[in-house]
>>> print(open('work-v5.txt').read())   # compact mmCIF, C-alpha atoms and all ligand atoms
# COMPACT_ATOMS: atom_id res chain seq x y z
CA MET A 44 -69.56 53.48 83.97
CA ALA A 45 -67.21 54.26 81.07
CA GLU A 46 -68.43 53.31 77.61
CA ASP A 47 -66.80 50.21 76.10
CA PRO A 48 -66.09 50.97 72.41
CA ARG A 49 -66.62 47.28 71.62
CA ASP A 50 -70.30 47.78 72.48
CA TRP A 51 -70.70 50.73 70.08
CA GLU A 52 -72.53 50.47 66.79
CA VAL A 53 -70.14 50.05 63.87
CA GLU A 54 -70.75 53.62 62.65
CA THR A 55 -69.58 54.95 66.03
CA ARG A 56 -66.54 52.67 66.05
CA ALA A 57 -65.68 53.95 62.55
CA VAL A 58 -65.46 57.61 63.62
CA ARG A 59 -64.37 57.30 67.26
CA GLY A 60 -62.68 53.92 67.63
CA GLY A 61 -59.06 54.00 68.79
CA MET A 62 -59.15 57.79 69.37
CA ALA A 63 -56.13 58.76 71.49
CA ARG A 64 -55.93 62.53 72.00
CA THR A 65 -52.63 64.26 72.72
CA GLY A 66 -53.91 66.62 75.42
CA HIS A 67 -54.76 69.47 73.04
CA GLY A 68 -58.24 68.13 72.53
CA GLU A 69 -57.80 67.83 68.76
CA ILE A 70 -60.91 66.60 66.94
CA SER A 71 -59.04 65.28 63.90
CA GLU A 72 -56.51 62.66 64.96
CA ALA A 73 -52.90 63.83 65.33
CA LEU A 74 -50.36 62.90 62.68
CA PHE A 75 -47.15 61.80 64.43
CA LEU A 76 -44.62 62.19 61.64
CA THR A 77 -41.72 60.90 63.71
CA GLN A 78 -39.31 58.02 63.15
CA SER A 79 -38.19 57.53 66.72
CA PHE A 80 -39.08 58.46 70.28
CA ALA A 81 -37.05 59.85 73.18
CA TYR A 82 -36.88 58.28 76.65
CA ASP A 83 -36.77 60.11 79.98
CA SER A 84 -33.77 58.05 81.10
CA ALA A 85 -31.54 55.18 80.09
CA GLN A 86 -33.49 53.01 82.49
CA ALA A 87 -36.77 54.00 80.75
CA ALA A 88 -35.29 52.99 77.38
CA ASP A 89 -34.20 49.67 78.85
CA ALA A 90 -37.69 49.03 80.25
CA ARG A 91 -39.38 49.89 76.96
CA PHE A 92 -37.09 47.64 74.92
CA ALA A 93 -37.64 44.85 77.45
CA GLY A 94 -41.39 45.22 76.98
CA ASP A 95 -41.83 46.05 80.67
CA ALA A 96 -43.05 49.60 80.07
CA PRO A 97 -45.56 50.81 77.48
CA GLY A 98 -44.61 53.30 74.79
CA PHE A 99 -43.32 53.60 71.26
CA ILE A 100 -39.74 52.85 70.23
CA TYR A 101 -39.33 53.26 66.49
CA GLN A 102 -41.66 53.76 63.53
CA ARG A 103 -40.90 50.32 62.12
CA PHE A 104 -42.33 48.77 65.31
CA GLY A 105 -45.27 51.11 65.83
CA ASN A 106 -46.49 54.71 65.76
CA PRO A 107 -49.31 56.52 67.61
CA THR A 108 -51.15 57.50 64.39
CA THR A 109 -50.77 54.02 62.94
CA GLN A 110 -52.06 52.60 66.19
CA ILE A 111 -55.26 54.64 65.95
CA PHE A 112 -55.82 53.18 62.47
CA GLU A 113 -55.09 49.66 63.75
CA ASP A 114 -57.32 49.98 66.82
CA ARG A 115 -60.16 51.50 64.81
CA LEU A 116 -60.10 48.81 62.13
CA ALA A 117 -59.83 46.07 64.78
CA LEU A 118 -62.92 47.46 66.51
CA MET A 119 -64.86 47.61 63.24
CA GLU A 120 -63.86 44.06 62.35
CA GLY A 121 -64.48 42.65 65.84
CA ALA A 122 -60.83 41.54 66.00
CA GLU A 123 -58.66 41.55 69.11
CA MET A 124 -55.71 42.94 67.18
CA CYS A 125 -54.84 44.62 63.90
CA ARG A 126 -51.39 45.33 62.48
CA ALA A 127 -51.08 47.72 59.56
CA THR A 128 -48.76 47.16 56.61
CA ALA A 129 -47.47 49.30 53.75
CA SER A 130 -49.71 47.64 51.15
CA GLY A 131 -52.23 44.85 50.74
CA MET A 132 -49.51 42.65 49.27
CA ALA A 133 -47.31 43.22 52.31
CA ALA A 134 -50.26 42.07 54.42
CA VAL A 135 -50.72 38.88 52.38
CA GLN A 136 -46.98 38.17 52.36
CA VAL A 137 -46.58 38.66 56.11
CA ALA A 138 -49.81 36.80 56.89
CA LEU A 139 -48.54 33.70 55.08
CA SER A 140 -44.86 33.96 56.10
CA GLY A 141 -45.78 34.11 59.76
CA LEU A 142 -47.77 30.89 59.59
CA LEU A 143 -45.48 28.80 57.36
CA ARG A 144 -42.00 27.29 57.64
CA ALA A 145 -39.85 25.28 55.20
CA GLY A 146 -41.47 21.88 54.74
CA ASP A 147 -45.00 23.17 55.38
CA HIS A 148 -47.89 22.93 52.95
CA LEU A 149 -50.48 25.55 52.00
CA VAL A 150 -53.90 25.00 50.42
CA ALA A 151 -55.16 28.00 48.42
CA GLY A 152 -58.28 28.87 46.47
CA ARG A 153 -57.18 28.93 42.83
CA ALA A 154 -58.97 32.19 41.97
CA LEU A 155 -56.50 34.62 43.51
CA PHE A 156 -55.41 38.14 42.63
CA GLY A 157 -52.34 37.95 40.35
CA SER A 158 -49.75 39.13 42.91
CA CYS A 159 -51.17 36.80 45.59
CA ARG A 160 -50.77 33.96 43.11
CA TRP A 161 -47.18 35.01 42.48
CA ILE A 162 -46.43 34.85 46.21
CA VAL A 163 -47.98 31.39 46.44
CA SER A 164 -46.60 29.94 43.19
CA GLU A 165 -43.19 31.62 42.91
CA TRP A 166 -42.12 33.08 46.23
CA LEU A 167 -43.13 30.54 48.89
CA PRO A 168 -41.53 27.58 47.03
CA ARG A 169 -38.15 29.38 47.31
CA PHE A 170 -38.49 28.88 51.06
CA GLY A 171 -39.64 25.28 50.86
CA VAL A 172 -43.39 25.78 51.11
CA GLU A 173 -45.54 23.80 48.69
CA THR A 174 -49.09 24.70 47.70
CA THR A 175 -52.11 22.85 46.38
CA TYR A 176 -54.65 25.01 44.55
CA VAL A 177 -58.30 24.06 44.85
CA ASP A 178 -61.65 25.17 43.49
CA ALA A 179 -62.55 27.27 46.53
CA THR A 180 -66.26 26.57 46.13
CA ASP A 181 -65.73 22.80 46.48
CA LEU A 182 -65.48 21.71 50.14
CA GLU A 183 -64.40 18.19 49.17
CA ALA A 184 -61.47 19.66 47.25
CA TRP A 185 -60.27 21.54 50.35
CA GLN A 186 -60.53 18.34 52.38
CA ALA A 187 -58.79 16.23 49.75
CA ALA A 188 -55.89 18.68 49.51
CA VAL A 189 -54.98 18.38 53.19
CA ARG A 190 -51.60 16.74 53.93
CA PRO A 191 -50.02 15.92 57.29
CA ASN A 192 -47.85 19.05 56.94
CA THR A 193 -50.65 21.45 55.92
CA ARG A 194 -50.37 24.54 58.13
CA ALA A 195 -52.42 27.20 56.36
CA PHE A 196 -55.37 27.76 54.00
CA LEU A 197 -55.71 30.94 51.92
CA VAL A 198 -58.83 32.19 50.18
CA GLU A 199 -60.25 35.36 48.69
CA SER A 200 -64.02 35.58 49.10
CA PRO A 201 -65.53 37.01 46.97
CA ALA A 202 -62.59 36.31 44.68
CA ASN A 203 -61.01 38.61 42.13
CA PRO A 204 -62.21 38.94 39.37
CA LEU A 205 -65.15 36.53 38.94
CA LEU A 206 -66.58 36.92 42.46
CA GLU A 207 -66.61 33.27 43.51
CA VAL A 208 -67.76 32.92 47.09
CA THR A 209 -66.32 30.42 49.57
CA ALA A 210 -68.15 28.92 52.55
CA ILE A 211 -65.79 30.48 55.08
CA GLY A 212 -67.13 28.67 58.16
CA ALA A 213 -67.01 25.23 56.55
CA VAL A 214 -63.51 25.78 55.15
CA ALA A 215 -62.36 27.02 58.58
CA GLU A 216 -63.61 23.77 60.13
CA ILE A 217 -61.64 21.70 57.60
CA ALA A 218 -58.54 23.80 58.27
CA HIS A 219 -58.84 23.51 62.03
CA ALA A 220 -59.40 19.75 61.92
CA ALA A 221 -56.13 19.58 59.97
CA GLY A 222 -54.29 21.77 62.48
CA ALA A 223 -54.09 24.63 59.95
CA LYS A 224 -55.06 28.32 60.08
CA LEU A 225 -57.43 29.92 57.58
CA VAL A 226 -56.43 33.29 56.09
CA VAL A 227 -59.20 35.23 54.30
CA ASP A 228 -58.57 38.15 51.95
CA ASN A 229 -61.71 40.21 52.61
CA VAL A 230 -61.01 43.05 50.19
CA PHE A 231 -64.05 42.60 47.96
CA ALA A 232 -66.58 42.23 50.81
CA THR A 233 -65.03 45.02 52.95
CA PRO A 234 -65.52 45.12 56.75
CA VAL A 235 -68.96 46.60 56.03
CA PHE A 236 -70.44 43.45 54.51
CA GLN A 237 -68.48 40.48 55.88
CA GLN A 238 -66.67 39.62 59.13
CA PRO A 239 -64.67 36.45 58.37
CA LEU A 240 -63.34 36.13 61.95
CA ALA A 241 -66.91 35.80 63.23
CA LEU A 242 -67.47 33.13 60.56
CA GLY A 243 -64.55 31.09 61.96
CA CYS A 244 -61.44 32.14 60.07
CA ASP A 245 -58.19 32.89 61.93
CA ILE A 246 -56.62 35.79 60.03
CA VAL A 247 -58.19 38.48 57.85
CA VAL A 248 -56.14 40.54 55.42
CA TYR A 249 -57.02 43.76 53.62
CA SER A 250 -55.63 45.91 50.92
CA ALA A 251 -56.58 49.20 52.61
CA THR A 252 -55.65 50.77 49.27
CA LYS A 253 -59.10 49.80 48.05
CA HIS A 254 -62.34 50.82 49.82
CA ILE A 255 -60.68 51.87 53.09
CA ASP A 256 -58.87 54.71 51.36
CA GLY A 257 -61.51 54.76 48.66
CA GLN A 258 -60.29 58.03 47.21
CA GLY A 259 -57.29 56.93 45.19
CA ARG A 260 -54.52 58.33 47.39
CA VAL A 261 -52.35 55.88 49.32
CA LEU A 262 -51.39 52.23 49.57
CA GLY A 263 -51.95 50.33 52.79
CA GLY A 264 -52.78 46.95 54.21
CA ALA A 265 -53.90 45.27 57.40
CA ILE A 266 -53.75 41.90 59.15
CA LEU A 267 -56.32 41.10 61.84
CA GLY A 268 -56.92 38.26 64.27
CA ALA A 269 -56.75 37.08 67.86
CA ALA A 270 -54.03 38.80 69.91
CA GLU A 271 -52.20 35.61 70.84
CA LEU A 272 -51.90 34.30 67.28
CA MET A 273 -51.10 37.74 65.88
CA THR A 274 -48.33 38.27 68.42
CA GLU A 275 -46.85 34.82 68.02
CA ALA A 276 -46.99 34.77 64.21
CA TYR A 277 -46.34 38.38 63.25
CA LYS A 278 -44.77 40.55 65.96
CA ASP A 279 -41.17 39.72 65.14
CA ILE A 280 -41.65 39.60 61.35
CA LEU A 281 -43.24 43.05 61.36
CA ARG A 282 -40.55 44.43 63.62
CA HIS A 283 -37.56 43.05 61.77
CA THR A 284 -38.53 42.86 58.10
CA GLY A 285 -39.93 46.38 57.75
CA PRO A 286 -43.33 46.37 56.00
CA ALA A 287 -44.57 49.20 58.28
CA LEU A 288 -47.34 51.54 57.12
CA SER A 289 -46.19 55.18 57.16
CA PRO A 290 -47.86 57.49 59.72
CA PHE A 291 -49.07 59.76 56.92
CA ASN A 292 -50.74 56.88 55.10
CA SER A 293 -52.14 55.64 58.42
CA TRP A 294 -53.71 59.04 58.96
CA VAL A 295 -55.25 59.11 55.48
CA LEU A 296 -56.61 55.60 55.97
CA LEU A 297 -58.04 56.22 59.42
CA LYS A 298 -59.93 59.20 58.00
CA GLY A 299 -61.09 56.83 55.25
CA LEU A 300 -62.54 54.48 57.85
CA GLU A 301 -64.81 57.29 59.09
CA THR A 302 -66.76 57.31 55.84
CA LEU A 303 -66.22 53.69 54.76
CA ASP A 304 -69.68 52.49 55.70
CA LEU A 305 -71.45 55.38 53.94
CA ARG A 306 -69.33 55.10 50.81
CA VAL A 307 -69.52 51.34 50.47
CA ARG A 308 -73.30 51.30 50.95
CA ARG A 309 -73.83 54.00 48.31
CA GLN A 310 -71.38 52.33 45.91
CA THR A 311 -73.24 49.06 46.39
CA GLU A 312 -76.58 50.74 45.67
CA ASN A 313 -75.12 52.19 42.47
CA ALA A 314 -73.58 48.82 41.58
CA GLY A 315 -76.96 47.11 41.96
CA ARG A 316 -78.51 49.42 39.37
CA VAL A 317 -75.57 49.14 36.98
CA ALA A 318 -75.48 45.34 37.36
CA ASP A 319 -79.16 45.07 36.43
CA LEU A 320 -78.61 47.26 33.38
CA ILE A 321 -75.60 45.18 32.31
CA ALA A 322 -77.39 41.87 32.89
CA ASP A 323 -80.34 42.98 30.72
CA HIS A 324 -78.17 44.21 27.83
CA ARG A 325 -78.23 42.17 24.63
CA LYS A 326 -74.44 42.31 24.18
CA VAL A 327 -73.72 40.73 27.58
CA ARG A 328 -73.40 36.95 27.81
CA ARG A 329 -73.15 36.68 31.57
CA THR A 330 -73.14 39.00 34.58
CA ILE A 331 -71.86 38.16 38.04
CA PHE A 332 -72.70 40.43 40.96
CA CYS A 333 -72.90 39.33 44.59
CA GLY A 334 -76.04 41.42 45.09
CA ARG A 335 -78.10 39.62 42.41
CA PRO A 336 -80.20 36.52 43.01
CA ASP A 337 -78.66 34.88 39.91
CA HIS A 338 -75.15 34.80 41.44
CA PRO A 339 -74.20 31.07 41.40
CA GLN A 340 -73.72 31.14 45.19
CA ALA A 341 -76.55 33.48 46.13
CA ALA A 342 -77.58 31.26 49.06
CA MET A 343 -74.08 31.33 50.54
CA ILE A 344 -73.89 35.10 50.04
CA ALA A 345 -77.16 35.53 51.95
CA LYS A 346 -75.67 33.51 54.83
CA GLN A 347 -72.32 35.22 55.19
CA MET A 348 -72.49 38.66 53.58
CA SER A 349 -74.83 41.51 54.41
CA GLY A 350 -74.41 43.27 51.06
CA GLY A 351 -73.26 42.59 47.53
CA GLY A 352 -70.30 44.98 47.33
CA ASN A 353 -69.45 47.30 44.47
CA VAL A 354 -67.73 45.02 41.97
CA ILE A 355 -69.42 43.56 38.90
CA ALA A 356 -67.94 41.08 36.41
CA PHE A 357 -69.48 40.58 32.97
CA ASP A 358 -68.64 38.67 29.82
CA LEU A 359 -68.85 40.41 26.45
CA GLY A 360 -67.74 37.32 24.55
CA SER A 361 -64.39 38.45 23.14
CA ARG A 362 -61.39 40.61 23.89
CA GLU A 363 -62.39 42.94 21.03
CA ALA A 364 -65.85 43.53 22.47
CA ALA A 365 -64.46 44.02 25.99
CA TRP A 366 -61.92 46.56 24.72
CA ARG A 367 -64.58 48.37 22.63
CA PHE A 368 -66.67 48.64 25.80
CA LEU A 369 -63.75 50.08 27.79
CA ASP A 370 -62.79 52.49 25.02
CA GLY A 371 -66.40 53.66 24.73
CA LEU A 372 -66.64 54.81 28.37
CA GLN A 373 -66.66 58.58 28.88
CA ILE A 374 -67.16 58.89 32.64
CA VAL A 375 -65.96 55.57 34.04
CA ASP A 376 -62.15 55.28 33.97
CA ILE A 377 -60.19 52.39 32.51
CA SER A 378 -58.21 51.42 35.60
CA ASN A 379 -57.25 48.27 37.46
CA ASN A 380 -57.93 49.65 40.95
CA LEU A 381 -61.19 49.12 42.82
CA GLY A 382 -63.20 50.44 45.73
CA ASP A 383 -62.63 54.04 44.66
CA ALA A 384 -65.14 56.92 44.69
CA LYS A 385 -64.56 57.03 40.92
CA SER A 386 -65.97 54.14 38.92
CA MET A 387 -63.41 52.15 37.01
CA ALA A 388 -63.37 49.16 34.72
CA THR A 389 -60.61 46.83 33.62
CA HIS A 390 -59.95 43.87 31.35
CA PRO A 391 -58.55 41.33 33.86
CA SER A 392 -56.96 38.90 31.41
CA THR A 393 -54.66 41.62 30.01
CA THR A 394 -54.14 43.56 33.26
CA THR A 395 -54.64 42.25 36.81
CA HIS A 396 -54.52 38.57 35.84
CA ARG A 397 -52.17 38.68 32.84
CA SER A 398 -49.35 36.96 34.76
CA MET A 399 -51.60 33.96 35.39
CA PRO A 400 -50.88 31.21 32.83
CA GLU A 401 -53.69 31.01 30.27
CA ALA A 402 -54.61 27.44 31.22
CA GLU A 403 -55.11 28.55 34.82
CA ARG A 404 -57.14 31.56 33.74
CA LEU A 405 -59.41 29.26 31.77
CA GLN A 406 -59.70 26.94 34.77
CA ILE A 407 -61.29 29.77 36.77
CA GLY A 408 -63.47 30.71 33.79
CA LEU A 409 -61.60 33.91 32.99
CA THR A 410 -61.91 34.08 29.21
CA GLU A 411 -60.97 37.19 27.25
CA GLY A 412 -64.47 38.65 27.11
CA TRP A 413 -64.67 39.42 30.84
CA VAL A 414 -64.68 42.96 32.18
CA ARG A 415 -64.48 43.83 35.88
CA MET A 416 -66.09 47.03 37.01
CA SER A 417 -65.77 48.77 40.38
CA VAL A 418 -68.73 51.09 40.81
CA GLY A 419 -68.12 54.43 42.53
CA LEU A 420 -70.09 57.34 43.87
CA GLU A 421 -71.08 59.18 40.68
CA GLY A 422 -74.73 59.95 40.06
CA PRO A 423 -76.59 56.74 39.12
CA GLY A 424 -78.13 58.38 36.04
CA ASP A 425 -74.76 59.41 34.63
CA LEU A 426 -73.25 56.01 35.37
CA SER A 427 -76.12 54.14 33.74
CA ARG A 428 -75.97 56.32 30.63
CA ASP A 429 -72.20 55.89 30.30
CA VAL A 430 -72.30 52.11 30.76
CA ALA A 431 -75.32 51.64 28.46
CA ARG A 432 -73.70 53.70 25.69
CA ALA A 433 -70.43 51.78 25.97
CA LEU A 434 -72.30 48.47 25.89
CA ASP A 435 -74.26 49.55 22.81
CA GLY A 436 -70.93 50.24 21.10
CA ALA A 437 -69.33 46.98 22.23
C1 LIG B 501 -57.99 40.84 46.51
C2 LIG B 501 -56.75 41.67 46.58
N1 LIG B 501 -55.83 41.39 47.51
C3 LIG B 501 -54.70 42.12 47.62
C4 LIG B 501 -54.44 43.16 46.76
C5 LIG B 501 -53.14 43.90 46.89
O1 LIG B 501 -53.29 45.14 47.50
P1 LIG B 501 -52.24 46.35 47.32
O2 LIG B 501 -52.37 46.83 45.91
O3 LIG B 501 -52.67 47.33 48.35
O4 LIG B 501 -50.87 45.80 47.59
C6 LIG B 501 -55.39 43.48 45.77
C7 LIG B 501 -55.20 44.58 44.79
O5 LIG B 501 -54.24 45.14 44.46
C8 LIG B 501 -56.58 42.72 45.68
O6 LIG B 501 -57.50 42.98 44.74
>>> encode(input="work-v5.txt", output="structure tokens")
Amino acid sequence: MAEDPRDWEVETRAVRGGMARTGHGEISEALFLTQSFAYDSAQAADARFAGDAPGFIYQRFGNPTTQIFEDRLALMEGAEMCRATASGMAAVQVALSGLLRAGDHLVAGRALFGSCRWIVSEWLPRFGVETTYVDATDLEAWQAAVRPNTRAFLVESPANPLLEVTAIGAVAEIAHAAGAKLVVDNVFATPVFQQPLALGCDIVVYSATKHIDGQGRVLGGAILGAAELMTEAYKDILRHTGPALSPFNSWVLLKGLETLDLRVRRQTENAGRVADLIADHRKVRRTIFCGRPDHPQAAMIAKQMSGGGNVIAFDLGSREAAWRFLDGLQIVDISNNLGDAKSMATHPSTTTHRSMPEAERLQIGLTEGWVRMSVGLEGPGDLSRDVARALDGA
């Protein structure tokens, strides 16, 4: 009997999932750098446009290389369907637009990446969608925010930058009882450590720019969920509004998936060591890392994540100390990206979260002393020395 890729171990899905060879027997997946496709006859074109015959039509609708990336990520995530987008923000934007109409209401965790907050606070209201922000760790707050017209919930878990964790299953139940869909941004956990669909959510979004590329090259995003919902909510939006992922970026990202598991596990191992060093340092007021038992939601993490991830947040007490730390780093880069092979650290309140009004930053506990660090694949000895020296100088 033929092997069913859905039964494979995740490592096998990561390197072989979605493989569709051209007939040349290529080992590395083919890059189809083509905008459009030719038909054998006018009748064949008619059948393809009508959806009666399989096949590609135009790069904005789909592409063979992009489809390998989509099928591979769907298999790794345990999703029926994945659609790739040009960036993580395109994924978030499409994921919400497809579920909401004028007059609808959204409930969102208040600790959101700056651009996600812009979409929710500035963009959606232009189209008549109102939002209530909640403390995502408070189940009663989610429940209390529900209105008769609530159609979607949005949460990042762990959230950027202070790594708050949401009880995904419980929030999904509240959403479903209200007739709403739950969208989870799973960037920080990665598909390696958390499968939100299995926990009960409806739609997962990724910035593939982060760990999935993991080597600082291309932007990309993905939306995953059940085929029926994905088709109903997103097929036409993706086709007609044009957030398609390029075939070249799809190819880079599908090669990234092959090593995702290895990279993320090693980064997480490195992050564990660095987090312990940071937590024990006299200059540090507070350290948050999903892999440490002192994370405020360690019990929830143990239930829904199988690893702590590679991001650490720590409070040095003031902007001056945080900047001295960043300026004292010799190996780790000052950069706002994350999930990369290269370690990087940033000062969220003046970079990734600077567009968030100060009062809202304070509401999520983001004072000016916080630094966010994404731990990479450098040698653990070098990383520890660099971070310890920068902390001494902070
Ligand atoms: C949690 C989260 N979601 C979405 C995004 C947006 O992804 P992209 O930069 O690929 O558009 C980012 C980072 O940029 C992020 O950290």
>>> residues_near_ligand(input="work-v5.txt", ligand="ligand LIG 501 (chain B)", cutoff="8 Å", atoms="all atoms listed in the file", output="list in words")
Ala129, Ser130, Gly131, Met132, Ala133, Ala134, Val135, Leu155, Phe156, Ser158, Cys159, Glu199, Ala202, Asn203, Asp228, Asn229, Val230, Phe231, Val248, Tyr249, Ser250, Ala251, Thr252, Lys253, Leu262, Gly263, Gly264, Asn380 and Leu381 of chain A
>>> closest_atom_pairs(input="work-v5.txt", of="stretch 133-239 of chain A", to="stretch 342-361 of chain A", cutoff="9 Å", atoms="all atoms listed in the file", output="Markdown table")
| residue | atom | partner | partner_atom | distance |
| --- | --- | --- | --- | --- |
| A:Pro204 | CA | A:Ala356 | CA | 6.8 |
| A:Leu205 | CA | A:Ala356 | CA | 5.9 |
| A:Leu206 | CA | A:Ala356 | CA | 7.5 |
| A:Val208 | CA | A:Ile344 | CA | 7.1 |
| A:Thr209 | CA | A:Met343 | CA | 7.9 |
| A:Ala210 | CA | A:Met343 | CA | 6.7 |
| A:Ile211 | CA | A:Gln347 | CA | 8.1 |
| A:Gly212 | CA | A:Gln347 | CA | 8.9 |
| A:Phe231 | CA | A:Gly352 | CA | 6.7 |
| A:Ala232 | CA | A:Gly352 | CA | 5.8 |
| A:Thr233 | CA | A:Gly352 | CA | 7.7 |
| A:Val235 | CA | A:Ser349 | CA | 7.9 |
| A:Phe236 | CA | A:Ser349 | CA | 4.8 |
| A:Gln237 | CA | A:Met348 | CA | 5.0 |
| A:Gln238 | CA | A:Met348 | CA | 8.1 |
| A:Pro239 | CA | A:Gln347 | CA | 8.4 |
>>> residues_near_point(input="work-v5.txt", point="(-76.0, 57.0, 35.5)", cutoff="12 Å", atoms="all atoms listed in the file", output="number ranges by chain")
A: 312-318, 320, 372-375, 386, 418-432
>>> atom_distance(input="work-v5.txt", atom1="atom CA of A:Ala223", atom2="atom CA of A:Val137")
16.4 Å
>>> closest_residue(input="work-v5.txt", among="A:Ala276, A:Leu167, A:Val214, A:Leu267", to="A:Ala184", atoms="only C-alpha atoms")
A:Val214
>>> residues_around(input="work-v5.txt", residues="stretch 162-165 of chain A", least_positions_apart="5", cutoff="9 Å", atoms="only C-alpha atoms", output="number ranges by chain")
A: 132, 135-136, 139, 149, 151, 157, 172-174
>>> closest_residue(input="work-v5.txt", among="A:Leu369, A:Met416, A:Thr393, A:Thr128", to="A:Gly436", atoms="all atoms listed in the file")
A:Leu369
>>> closest_residue(input="work-v5.txt", among="A:Glu207, A:Glu301, A:Asp383, A:Glu216", to="A:Ile331", atoms="only C-alpha atoms")
A:Glu207
